[in-house]
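In what follows, a single structure is set out as structure tokens and then discussed.
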Amino acid sequence: MHLYGTQSINENGHLTIGGVDTADIASEYGTPVIVYDIALFRARANAFKETFRKAGIRAQVAYASKAFSSIAIYEIAKEEGLSLDVVSGGELYTATKAGYPRERIHFHGNNKSYEELEFAFEESIGCIVIDNFSEIDLIKEISEKRKQKMDVLIRVTPGVEAHTHSYITTGQEDSKFGFDLKNGQTDEAFLKLYQHPYINVLGMHCHIGSQIFETESFRFAAEALMTKMITWQKEYDFICTVLNLGGGFGIRYTEEDKPLEPSAYVKEMATIVSSMTDKYNYPIPEIWIEPGRSLVGDAGTTLYTYGSSKIVPGVRTYIAVDGGMSDNIRPALYGAKYTAVTANRMNEPHSTKVTIAGKCCESGDKLIEEAFLATPVEGDLIATFCTGAYSYSMASNYNRLPKPAVVFVENGKHQLAIRRETYDDIIRLDIPLSNVESGEVL
Ligand SMILES: *Cc1c(COP(=O)(O)O)cnc(C)c1O
């Protein structure tokens with residue numbers, strides 16, 4: 001059994017996180033509940049930041065907050081001195097409500113609307129990562145209308161595609177994000193931007209994949225972007241001050257995953273950037289990275305209560321929990337794998353093979369196809385590990401299930417970060433037919 005971060009087992013044989021008994025969390029807040037190990041989040045943030053500091057490279061570590069977005073996690077990210085990536089007006093709004101320092105907010109997305117971009121200008125955020133030609137036109141229009149400067153990065157697809165355990169270089173990039181580096185689009189975008197009176201090109205950005213377990217793909221990407229930056233220096237006497245290499249650092253969901261230390265990625269980036277800047281006598285850019293999953297993924301644990309079961313003789317035993325694809329759609333969406341434990345009987349042998357099913361009305365609503373638990377007893381507290389990234393942020397009200405509560409734990413203390421939805425929350429946008437405020441009576 002692999003335990004993460006501050007997880008431990010107490011004298012009652014219960015799983016604890018951050019020094020707090022998960023059985024106490026379940027009885028106080030109910031289930032399902034997602035518990036975040038805040039000390040682990042802080043440790044990861046520091047591991048990225050410290051490696052840059054030790055390498056003597058100026059850097060920004062931005063939390064890619066689509067992985068888990070809430071006011072409270074933004075407050076922790078702010079405390080840790082992280083920058084923040086947002087990908088929508090909604091995430092930007094959440095950041096403003098958390099009092100996030102505006103200069104440390106970066107705005108991503110492949111279809112930012114006029115309203116979203118104007119919101120970013122109103123808030124004077126740190127930087128907009130420009131994705132496509134339509135967005136260039138919008139940003140020019142807004143900055144000229146407002147006579148307001150804006151720092152930007154140009155997002156490119158460098159022709160390297162990282163996979164879980166390897167990477168490939170692709171000639172023709174087929175991605176909905178960014179400008180192609182090789183076919184001239186990136187140069188065309190740069191030429192449209194670099195002399196604009198209100199737009200300040202800081203440099204280039206790429207994000208090459210997710211759940212990456214090797215460092216070579218980052219080196220290849222850094223080389224590709226630096227090479228372009230060096231040609232812009234030669235041809236236009238233009239210096240990029242920022243090189244953003246994105247996120248995608250892998251974490252351990254199951255024993256098949258062999259994650260690297262955060263420092264391994266950072267060292268590879270620092271090495272290639274130092275060697276290229278030396279060789280071409282180019283001023284060392286700031287390196288920005290954007291970890292999402294690797295900051296919050298294994299810091300999150302979901303607690304469920306086991307309710308009913310079904311035995312299909314000779315095939316499998318289903319045990320059903322009180323959540324499912326509504327709070328974690330990743331297994332149903334793309335076959336993501338997780339591990340689980342019986343949190344209230346951790347010391348008993350985990351040798352009963354079951355399929356953990358959710359309670360949604362979809363046959364595909366299975367959280368774990370093959371889990372090994374203590375002999376299940378109805379009412380058991382089942383913990384699935386590594387649910388901190390892309391679970392709550394993708395949660396839905398399918399079957400009108402209320403979204404779970406989110407609780408932060410640290411140093412023996414616990415605090416509600418997102419309250420559980422009520423039935424009233426579920427109907428809050430519904431308008432009964434008798435209640436016509438606009439439009440016509442049917
Ligand atoms: C999603 C995303 C990230 C974070 O990816 P992780 O795999 O969660 O680390 C970083 N940068 C950009 C641009 C992204 O879209």
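The chains in the structure tokens are called A, B, ... from first to last as shown; in each chain the residues are counted from 1, and the ligands are counted from 1 in the order shown.
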Exercise answer, 10 Å around ligand 1 with only C-alpha atoms and all ligand atoms, as a VMD selection string: chain A and resid 62 to 68 85 to 87 106 to 110 129 131 155 177 to 178 205 to 212 244 to 251 289 to 297 389 to 390
What's the 10 Å shell around range 30-36 of chain A, counting only C-alpha atoms, without same-chain residues fewer than 3 positions away, as a ChimeraX atom specification? /A:17-18,22-27,39-41,73,296-306,321-324,327,381-388,391-392,402-410,414-420
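Distance check against Glu362 in chain A using only C-alpha atoms: of A:Asn344, A:Ser326, A:Thr6, A:Thr375, the minimum falls on A:Ser326.
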So, with only C-alpha atoms as the atoms that count, which of A:Ile105, A:Ala120, A:Ile368, A:Met394 lies closest to Tyr253 in chain A?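 Ranking A:Ile105, A:Ala120, A:Ile368, A:Met394 by distance to Tyr253 in chain A, first place goes to A:Ile368.
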Just list as a PyMOL selection string whatever in range 143-290 of chain A DSSP marks as strand (DSSP E). chain A and resi 150-157+160-162+167-169+179-180+199-205+242-244+286-289
Save the residues we just selected, C-alpha atoms, as a PDB file, in the first residue's frame?
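This went into out13.pdb:
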ATOM      1  CA  MET A 150      -0.410  44.439 -21.965  1.00  0.00           C
ATOM      2  CA  ASP A 151       2.395  41.912 -21.657  1.00  0.00           C
ATOM      3  CA  VAL A 152       1.915  38.847 -23.847  1.00  0.00           C
ATOM      4  CA  LEU A 153       3.499  35.501 -24.607  1.00  0.00           C
ATOM      5  CA  ILE A 154       3.120  33.802 -27.969  1.00  0.00           C
ATOM      6  CA  ARG A 155       1.947  30.195 -27.589  1.00  0.00           C
ATOM      7  CA  VAL A 156       3.565  27.825 -30.058  1.00  0.00           C
ATOM      8  CA  THR A 157       3.433  24.127 -30.899  1.00  0.00           C
ATOM      9  CA  VAL A 160       7.301  17.743 -29.862  1.00  0.00           C
ATOM     10  CA  GLU A 161       4.511  15.748 -28.384  1.00  0.00           C
ATOM     11  CA  ALA A 162       5.130  14.213 -25.001  1.00  0.00           C
ATOM     12  CA  TYR A 167       7.881  11.640 -26.674  1.00  0.00           C
ATOM     13  CA  ILE A 168       7.723  11.934 -30.403  1.00  0.00           C
ATOM     14  CA  THR A 169       8.621  14.788 -32.675  1.00  0.00           C
ATOM     15  CA  PHE A 179       0.935  28.844 -33.566  1.00  0.00           C
ATOM     16  CA  ASP A 180       2.948  26.290 -35.492  1.00  0.00           C
ATOM     17  CA  ILE A 199       1.545  45.139 -26.790  1.00  0.00           C
ATOM     18  CA  ASN A 200       4.729  44.003 -25.131  1.00  0.00           C
ATOM     19  CA  VAL A 201       5.953  40.605 -26.293  1.00  0.00           C
ATOM     20  CA  LEU A 202       7.709  38.959 -23.335  1.00  0.00           C
ATOM     21  CA  GLY A 203       8.552  35.766 -25.163  1.00  0.00           C
ATOM     22  CA  MET A 204       7.247  32.359 -26.090  1.00  0.00           C
ATOM     23  CA  HIS A 205       5.167  29.644 -24.489  1.00  0.00           C
ATOM     24  CA  VAL A 242      10.575  34.942 -20.920  1.00  0.00           C
ATOM     25  CA  LEU A 243      10.636  31.284 -21.946  1.00  0.00           C
ATOM     26  CA  ASN A 244       7.536  29.435 -20.714  1.00  0.00           C
ATOM     27  CA  GLU A 286      13.264  34.021 -17.120  1.00  0.00           C
ATOM     28  CA  ILE A 287      11.959  30.455 -17.200  1.00  0.00           C
ATOM     29  CA  TRP A 288       8.280  30.022 -16.416  1.00  0.00           C
ATOM     30  CA  ILE A 289       6.649  26.671 -15.770  1.00  0.00           C
TER      31      ILE A 289
END
Hey, can you check how far CA of Ala72 in chain A sits from CA of Thr254 in chain A?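 Computing the Euclidean distance for CA of Ala72 in chain A and CA of Thr254 in chain A yields 27.9 Å.
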For Leu138 in chain A, work out the shell of residues within 9 Å, counting only C-alpha atoms and skipping chain neighbours fewer than 6 positions away, then give it as JSON, numbers by chain. {"A": [113, 114, 117]}
Picked from range 140-254 of chain A by DSSP as helix (DSSP H, G or I), as a PyMOL selection string: chain A and resi 140-146+185-193+216-236
Who sits within 9 Å of Ala224 in chain A, only C-alpha atoms, same chain under 5 positions skipped, as a list in words: Pro158, Gly159, Leu181, Arg219 and Met229 of chain A
Between CA of Thr231 in chain A and CA of Thr51 in chain A, what is the distance, to one decimal in Å? 29.0 Å
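The smallest atom-to-atom distance between Ser274 in chain A and any of A:Gly56, A:Gly412, A:Pro197, A:Pro331, using only C-alpha atoms, is found for A:Gly56.
For the residues A:His14, A:Ala320, A:Tyr398, A:Thr215, ranking by smallest atom-to-atom distance to Ser308 in chain A using only C-alpha atoms places A:Ala320 first.
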Grab the CA of Ile329 in chain A to CA of Cys360 in chain A distance for me, in Å with one decimal place.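 We find that CA of Ile329 in chain A and CA of Cys360 in chain A lie 10.8 Å from each other.
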